[in-house]
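Participant: One structure is given below, represented as structure tokens, and several questions about it will come after.
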Amino acid sequence: MYDERLAEFSRERLDGRPMPDDLRVLLVAQWEGRTDFAHLLDLDFFEAGEVHPLLDTSYLSEKELADPEMQAVNAGAAEMATYVKLVAKGGKGWIGYWVHPDESPDRAWHLIELDTEFSFWSMVGLTLTEGCAAERASYRDDPDERIAFTQLASELAELGLPLSTQDYDALDDTEYRVDPQALMEELIEAEREKRGLR
């Protein structure tokens, strides 16, 4: 029923890459108007045509857009968007996948958050659902995020979206091979050099 819409989302948000199973479930739930997952995970998936936050310059004035320094920043951010595949609003700003080609092909895509100050944050877990559940666990009323995570994992399993573990400490926490923040700075610096701003 949602095959074409899922394919369109994949083309627009993941450059046509295969969609992770949990992302498929979460998207269909949102499109069906279900709020259970959104409530538990604090996610609001992008609609078709929404601009990638790293490509959005609508908040800049014409003067800012014409500024060579800002052009360097925007060009670096645009290149960065080829590796940062944001799929939803949530967490610190936006959430998605880090798909840099130097990352290990033997594991699921790393999760990544981008905040409103354009800082990147890693997330634990092998799936978007695990990463968001781990983050949400720290905001729950329970003072121990481990207990809160186990409760969230149980609630998600009851809704048909089991996690690979209910143990917070067992969540995958593999570090990035390529640091997103350092790469963003390198890309912006390269754009500055192209414009003679060094």
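Chain lettering (A, B, ...) mirrors the order of the structure tokens, residue numbering begins at 1 for each chain separately, and ligand numbering begins at 1 in order of display.
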Select from stretch 2-185 of chain A everything DSSP, run on the backbone, classes as strand (DSSP E), then give the selection as a PDB file with N, CA and C atoms, in the first residue's frame.
Facilitator:
ATOM      1  N   LEU A  43       9.679  11.391  17.423  1.00  0.00           N
ATOM      2  CA  LEU A  43      10.095  11.505  16.026  1.00  0.00           C
ATOM      3  C   LEU A  43       8.970  12.049  15.169  1.00  0.00           C
ATOM      4  N   ASP A  44       9.325  12.898  14.231  1.00  0.00           N
ATOM      5  CA  ASP A  44       8.395  13.401  13.228  1.00  0.00           C
ATOM      6  C   ASP A  44       9.141  13.349  11.896  1.00  0.00           C
ATOM      7  N   PHE A  45       8.792  12.378  11.073  1.00  0.00           N
ATOM      8  CA  PHE A  45       9.525  12.172   9.827  1.00  0.00           C
ATOM      9  C   PHE A  45       9.237  13.271   8.818  1.00  0.00           C
ATOM     10  N   VAL A  84      25.279  12.819   5.485  1.00  0.00           N
ATOM     11  CA  VAL A  84      24.355  12.918   6.610  1.00  0.00           C
ATOM     12  C   VAL A  84      22.940  12.809   6.051  1.00  0.00           C
ATOM     13  N   LYS A  85      22.325  11.659   6.243  1.00  0.00           N
ATOM     14  CA  LYS A  85      20.995  11.398   5.690  1.00  0.00           C
ATOM     15  C   LYS A  85      19.958  11.542   6.808  1.00  0.00           C
ATOM     16  N   LEU A  86      19.501  12.768   6.990  1.00  0.00           N
ATOM     17  CA  LEU A  86      18.523  13.043   8.040  1.00  0.00           C
ATOM     18  C   LEU A  86      17.138  12.615   7.568  1.00  0.00           C
ATOM     19  N   VAL A  87      16.393  11.975   8.462  1.00  0.00           N
ATOM     20  CA  VAL A  87      15.084  11.455   8.092  1.00  0.00           C
ATOM     21  C   VAL A  87      13.944  12.008   8.947  1.00  0.00           C
ATOM     22  N   ALA A  88      14.277  12.595  10.099  1.00  0.00           N
ATOM     23  CA  ALA A  88      13.214  13.018  11.018  1.00  0.00           C
ATOM     24  C   ALA A  88      13.653  14.187  11.878  1.00  0.00           C
ATOM     25  N   LYS A  89      12.637  14.901  12.356  1.00  0.00           N
ATOM     26  CA  LYS A  89      12.847  15.905  13.391  1.00  0.00           C
ATOM     27  C   LYS A  89      12.687  15.189  14.714  1.00  0.00           C
ATOM     28  N   GLY A  90      13.558  15.507  15.646  1.00  0.00           N
ATOM     29  CA  GLY A  90      13.493  14.872  16.958  1.00  0.00           C
ATOM     30  C   GLY A  90      14.817  15.040  17.674  1.00  0.00           C
ATOM     31  N   GLY A  93      17.422  18.060  17.407  1.00  0.00           N
ATOM     32  CA  GLY A  93      17.064  18.829  16.211  1.00  0.00           C
ATOM     33  C   GLY A  93      16.562  17.913  15.115  1.00  0.00           C
ATOM     34  N   TRP A  94      17.525  17.173  14.508  1.00  0.00           N
ATOM     35  CA  TRP A  94      17.198  16.243  13.432  1.00  0.00           C
ATOM     36  C   TRP A  94      18.000  14.971  13.617  1.00  0.00           C
ATOM     37  N   ILE A  95      17.443  13.854  13.146  1.00  0.00           N
ATOM     38  CA  ILE A  95      18.039  12.545  13.350  1.00  0.00           C
ATOM     39  C   ILE A  95      18.110  11.797  12.020  1.00  0.00           C
ATOM     40  N   GLY A  96      19.173  11.022  11.858  1.00  0.00           N
ATOM     41  CA  GLY A  96      19.295  10.221  10.655  1.00  0.00           C
ATOM     42  C   GLY A  96      20.494   9.295  10.707  1.00  0.00           C
ATOM     43  N   TYR A  97      21.111   9.146   9.535  1.00  0.00           N
ATOM     44  CA  TYR A  97      22.184   8.169   9.370  1.00  0.00           C
ATOM     45  C   TYR A  97      23.455   8.833   8.849  1.00  0.00           C
ATOM     46  N   TRP A  98      24.592   8.335   9.315  1.00  0.00           N
ATOM     47  CA  TRP A  98      25.908   8.767   8.857  1.00  0.00           C
ATOM     48  C   TRP A  98      26.384   7.692   7.881  1.00  0.00           C
ATOM     49  N   HIS A 110      25.732   4.110  10.946  1.00  0.00           N
ATOM     50  CA  HIS A 110      25.786   4.831  12.215  1.00  0.00           C
ATOM     51  C   HIS A 110      24.613   5.807  12.275  1.00  0.00           C
ATOM     52  N   LEU A 111      24.156   6.045  13.486  1.00  0.00           N
ATOM     53  CA  LEU A 111      23.108   7.040  13.712  1.00  0.00           C
ATOM     54  C   LEU A 111      23.771   8.377  13.990  1.00  0.00           C
ATOM     55  N   ILE A 112      23.064   9.452  13.647  1.00  0.00           N
ATOM     56  CA  ILE A 112      23.635  10.788  13.848  1.00  0.00           C
ATOM     57  C   ILE A 112      22.515  11.775  14.144  1.00  0.00           C
ATOM     58  N   GLU A 113      22.837  12.745  14.963  1.00  0.00           N
ATOM     59  CA  GLU A 113      21.931  13.862  15.227  1.00  0.00           C
ATOM     60  C   GLU A 113      22.618  15.149  14.814  1.00  0.00           C
ATOM     61  N   LEU A 114      21.836  16.079  14.337  1.00  0.00           N
ATOM     62  CA  LEU A 114      22.304  17.420  14.019  1.00  0.00           C
ATOM     63  C   LEU A 114      21.473  18.370  14.861  1.00  0.00           C
ATOM     64  N   ASP A 115      22.138  19.226  15.622  1.00  0.00           N
ATOM     65  CA  ASP A 115      21.368  20.182  16.420  1.00  0.00           C
ATOM     66  C   ASP A 115      21.214  21.498  15.653  1.00  0.00           C
ATOM     67  N   PHE A 120      27.190  18.022  15.339  1.00  0.00           N
ATOM     68  CA  PHE A 120      26.805  16.631  15.137  1.00  0.00           C
ATOM     69  C   PHE A 120      26.992  15.846  16.424  1.00  0.00           C
ATOM     70  N   TRP A 121      26.096  14.893  16.637  1.00  0.00           N
ATOM     71  CA  TRP A 121      26.108  14.066  17.841  1.00  0.00           C
ATOM     72  C   TRP A 121      25.938  12.609  17.428  1.00  0.00           C
ATOM     73  N   SER A 122      26.728  11.732  18.016  1.00  0.00           N
ATOM     74  CA  SER A 122      26.558  10.304  17.756  1.00  0.00           C
ATOM     75  C   SER A 122      25.428   9.777  18.644  1.00  0.00           C
TER      76      SER A 122
END
Participant: Give me the residues near stretch 53-58 of chain A as a list in words, where near means some atom within 7 Å (using only C-alpha atoms) and where sequence neighbours in that chain fewer than 5 positions away do not count.
Facilitator: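 Near neighbours after the sequence-gap exclusion: Ala77, Ala78 and Ala81 of chain A.
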Participant: Any chance you could export the current selection's N, CA, C and O atoms as a PDB file, in the first residue's frame?
Facilitator:
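File again-v9.pdb, as written:
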ATOM      1  N   ALA A  77      28.447  22.673   3.899  1.00  0.00           N
ATOM      2  CA  ALA A  77      27.263  21.992   4.440  1.00  0.00           C
ATOM      3  C   ALA A  77      26.577  21.158   3.359  1.00  0.00           C
ATOM      4  O   ALA A  77      26.112  20.044   3.626  1.00  0.00           O
ATOM      5  N   ALA A  78      26.522  21.685   2.139  1.00  0.00           N
ATOM      6  CA  ALA A  78      25.898  20.950   1.035  1.00  0.00           C
ATOM      7  C   ALA A  78      26.655  19.661   0.745  1.00  0.00           C
ATOM      8  O   ALA A  78      26.051  18.608   0.512  1.00  0.00           O
ATOM      9  N   ALA A  81      25.927  17.083   3.369  1.00  0.00           N
ATOM     10  CA  ALA A  81      24.607  16.454   3.236  1.00  0.00           C
ATOM     11  C   ALA A  81      24.665  15.163   2.425  1.00  0.00           C
ATOM     12  O   ALA A  81      23.754  14.339   2.514  1.00  0.00           O
TER      13      ALA A  81
END
Participant: Just asking: which residues within chain A are helix (DSSP H, G or I) according to DSSP, as a ChimeraX atom specification?
Facilitator: /A:3-14,21-31,36-41,62-66,68-80,128-137,145-158,168-170,180-194
Participant: Counting only C-alpha atoms, what is within 10 Å of A:Ile188, bar same-chain residues fewer than 3 positions away, as a list in words?
Facilitator: Glu69, Met70, Gln71, Ala72, Val73, Asn74, Ala75, Gly76, Ala77, Ala78, Glu79, Met80, Leu183, Met184, Glu185, Glu191, Arg192, Glu193 and Lys194 of chain A
Participant: Can you write just those residues out, all heavy atoms, as a short mmCIF file (atom, residue, chain, number, x, y, z; two decimals), in the first residue's frame?
Facilitator:
data_model
loop_
_atom_site.label_atom_id
_atom_site.label_comp_id
_atom_site.auth_asym_id
_atom_site.auth_seq_id
_atom_site.Cartn_x
_atom_site.Cartn_y
_atom_site.Cartn_z
N GLU A 69 32.07 34.28 2.91
CA GLU A 69 32.26 33.39 4.07
C GLU A 69 31.03 32.49 4.23
O GLU A 69 31.16 31.28 4.43
CB GLU A 69 32.48 34.22 5.34
CG GLU A 69 32.64 33.40 6.59
CD GLU A 69 33.89 32.52 6.62
OE1 GLU A 69 34.90 32.88 5.99
OE2 GLU A 69 33.84 31.44 7.24
N MET A 70 29.84 33.07 4.12
CA MET A 70 28.61 32.29 4.24
C MET A 70 28.47 31.32 3.06
O MET A 70 28.00 30.19 3.23
CB MET A 70 27.39 33.21 4.32
CG MET A 70 26.09 32.45 4.58
SD MET A 70 26.09 31.42 6.07
CE MET A 70 26.12 32.65 7.35
N GLN A 71 28.91 31.72 1.89
CA GLN A 71 28.88 30.83 0.73
C GLN A 71 29.79 29.62 0.97
O GLN A 71 29.44 28.50 0.60
CB GLN A 71 29.31 31.57 -0.54
CG GLN A 71 28.29 32.58 -1.02
CD GLN A 71 28.79 33.41 -2.19
OE1 GLN A 71 29.97 33.37 -2.56
NE2 GLN A 71 27.88 34.17 -2.78
N ALA A 72 30.93 29.84 1.59
CA ALA A 72 31.83 28.73 1.92
C ALA A 72 31.17 27.77 2.92
O ALA A 72 31.24 26.54 2.75
CB ALA A 72 33.15 29.26 2.48
N VAL A 73 30.53 28.33 3.92
CA VAL A 73 29.83 27.51 4.92
C VAL A 73 28.72 26.71 4.24
O VAL A 73 28.59 25.49 4.45
CB VAL A 73 29.28 28.38 6.06
CG1 VAL A 73 28.35 27.57 6.97
CG2 VAL A 73 30.42 28.99 6.87
N ASN A 74 27.92 27.37 3.41
CA ASN A 74 26.82 26.69 2.74
C ASN A 74 27.31 25.60 1.79
O ASN A 74 26.70 24.53 1.69
CB ASN A 74 25.94 27.69 2.00
CG ASN A 74 25.15 28.56 2.94
OD1 ASN A 74 24.91 28.21 4.10
ND2 ASN A 74 24.74 29.74 2.48
N ALA A 75 28.40 25.86 1.08
CA ALA A 75 28.94 24.86 0.16
C ALA A 75 29.48 23.65 0.93
O ALA A 75 29.27 22.50 0.53
CB ALA A 75 30.04 25.47 -0.70
N GLY A 76 30.17 23.90 2.05
CA GLY A 76 30.64 22.79 2.89
C GLY A 76 29.49 21.99 3.46
O GLY A 76 29.53 20.75 3.48
N ALA A 77 28.45 22.67 3.90
CA ALA A 77 27.26 21.99 4.44
C ALA A 77 26.58 21.16 3.36
O ALA A 77 26.11 20.04 3.63
CB ALA A 77 26.30 23.01 5.03
N ALA A 78 26.52 21.68 2.14
CA ALA A 78 25.90 20.95 1.04
C ALA A 78 26.66 19.66 0.75
O ALA A 78 26.05 18.61 0.51
CB ALA A 78 25.83 21.83 -0.21
N GLU A 79 27.98 19.72 0.77
CA GLU A 79 28.75 18.50 0.56
C GLU A 79 28.55 17.53 1.72
O GLU A 79 28.46 16.32 1.52
CB GLU A 79 30.23 18.82 0.36
CG GLU A 79 31.01 17.59 -0.03
CD GLU A 79 32.38 17.89 -0.59
OE1 GLU A 79 32.68 19.05 -0.92
OE2 GLU A 79 33.16 16.93 -0.70
N MET A 80 28.46 18.07 2.90
CA MET A 80 28.24 17.23 4.09
C MET A 80 26.92 16.48 3.99
O MET A 80 26.80 15.34 4.47
CB MET A 80 28.28 18.13 5.32
CG MET A 80 28.42 17.42 6.61
SD MET A 80 30.06 16.67 6.73
CE MET A 80 29.88 15.88 8.30
N LEU A 183 35.05 16.61 9.74
CA LEU A 183 34.89 16.64 8.28
C LEU A 183 34.17 17.90 7.84
O LEU A 183 34.58 18.53 6.85
CB LEU A 183 34.14 15.40 7.79
CG LEU A 183 33.91 15.34 6.28
CD1 LEU A 183 35.24 15.35 5.52
CD2 LEU A 183 33.09 14.11 5.91
N MET A 184 33.15 18.30 8.55
CA MET A 184 32.42 19.54 8.21
C MET A 184 33.38 20.73 8.22
O MET A 184 33.37 21.55 7.30
CB MET A 184 31.28 19.76 9.21
CG MET A 184 30.54 21.06 9.00
SD MET A 184 29.23 20.87 7.78
CE MET A 184 28.13 22.15 8.35
N GLU A 185 34.22 20.80 9.24
CA GLU A 185 35.19 21.90 9.32
C GLU A 185 36.18 21.85 8.16
O GLU A 185 36.51 22.88 7.58
CB GLU A 185 35.90 21.85 10.67
CG GLU A 185 34.98 22.21 11.83
CD GLU A 185 35.56 21.88 13.20
OE1 GLU A 185 36.79 21.64 13.30
OE2 GLU A 185 34.78 21.87 14.17
N GLU A 191 36.39 25.08 1.10
CA GLU A 191 35.57 26.05 0.36
C GLU A 191 36.09 27.48 0.58
O GLU A 191 36.06 28.30 -0.32
CB GLU A 191 34.10 25.94 0.76
CG GLU A 191 33.43 24.66 0.33
CD GLU A 191 33.36 24.49 -1.19
OE1 GLU A 191 33.33 25.52 -1.91
OE2 GLU A 191 33.32 23.35 -1.66
N ARG A 192 36.59 27.76 1.77
CA ARG A 192 37.19 29.07 2.04
C ARG A 192 38.42 29.27 1.16
O ARG A 192 38.62 30.35 0.60
CB ARG A 192 37.59 29.18 3.51
CG ARG A 192 36.44 29.41 4.44
CD ARG A 192 36.93 29.64 5.88
NE ARG A 192 35.82 29.85 6.76
CZ ARG A 192 35.55 29.10 7.82
NH1 ARG A 192 36.32 28.08 8.14
NH2 ARG A 192 34.50 29.38 8.57
N GLU A 193 39.23 28.23 1.07
CA GLU A 193 40.43 28.31 0.23
C GLU A 193 40.06 28.58 -1.23
O GLU A 193 40.69 29.41 -1.89
CB GLU A 193 41.24 27.01 0.32
CG GLU A 193 42.06 26.90 1.57
CD GLU A 193 42.93 25.65 1.58
OE1 GLU A 193 43.40 25.24 0.50
OE2 GLU A 193 43.12 25.08 2.68
N LYS A 194 39.05 27.89 -1.73
CA LYS A 194 38.61 28.10 -3.12
C LYS A 194 38.22 29.55 -3.38
O LYS A 194 38.35 30.04 -4.49
CB LYS A 194 37.38 27.22 -3.44
CG LYS A 194 37.67 25.77 -3.60
CD LYS A 194 36.36 25.04 -3.92
CE LYS A 194 36.51 23.54 -3.86
NZ LYS A 194 35.21 22.88 -4.08
#
Participant: Which residues come within 12 Å of stretch 28-34 of chain A, counting only C-alpha atoms, excluding same-chain residues fewer than 6 positions away, as a PyMOL selection string?
Facilitator: chain A and resi 1-6+9+21-22+40-48+88+159-161
Participant: Could you list, as a count of residues only, every residue within 12 Å of A:Pro101, counting only C-alpha atoms and ignoring same-chain residues fewer than 4 positions away?
Facilitator: 10
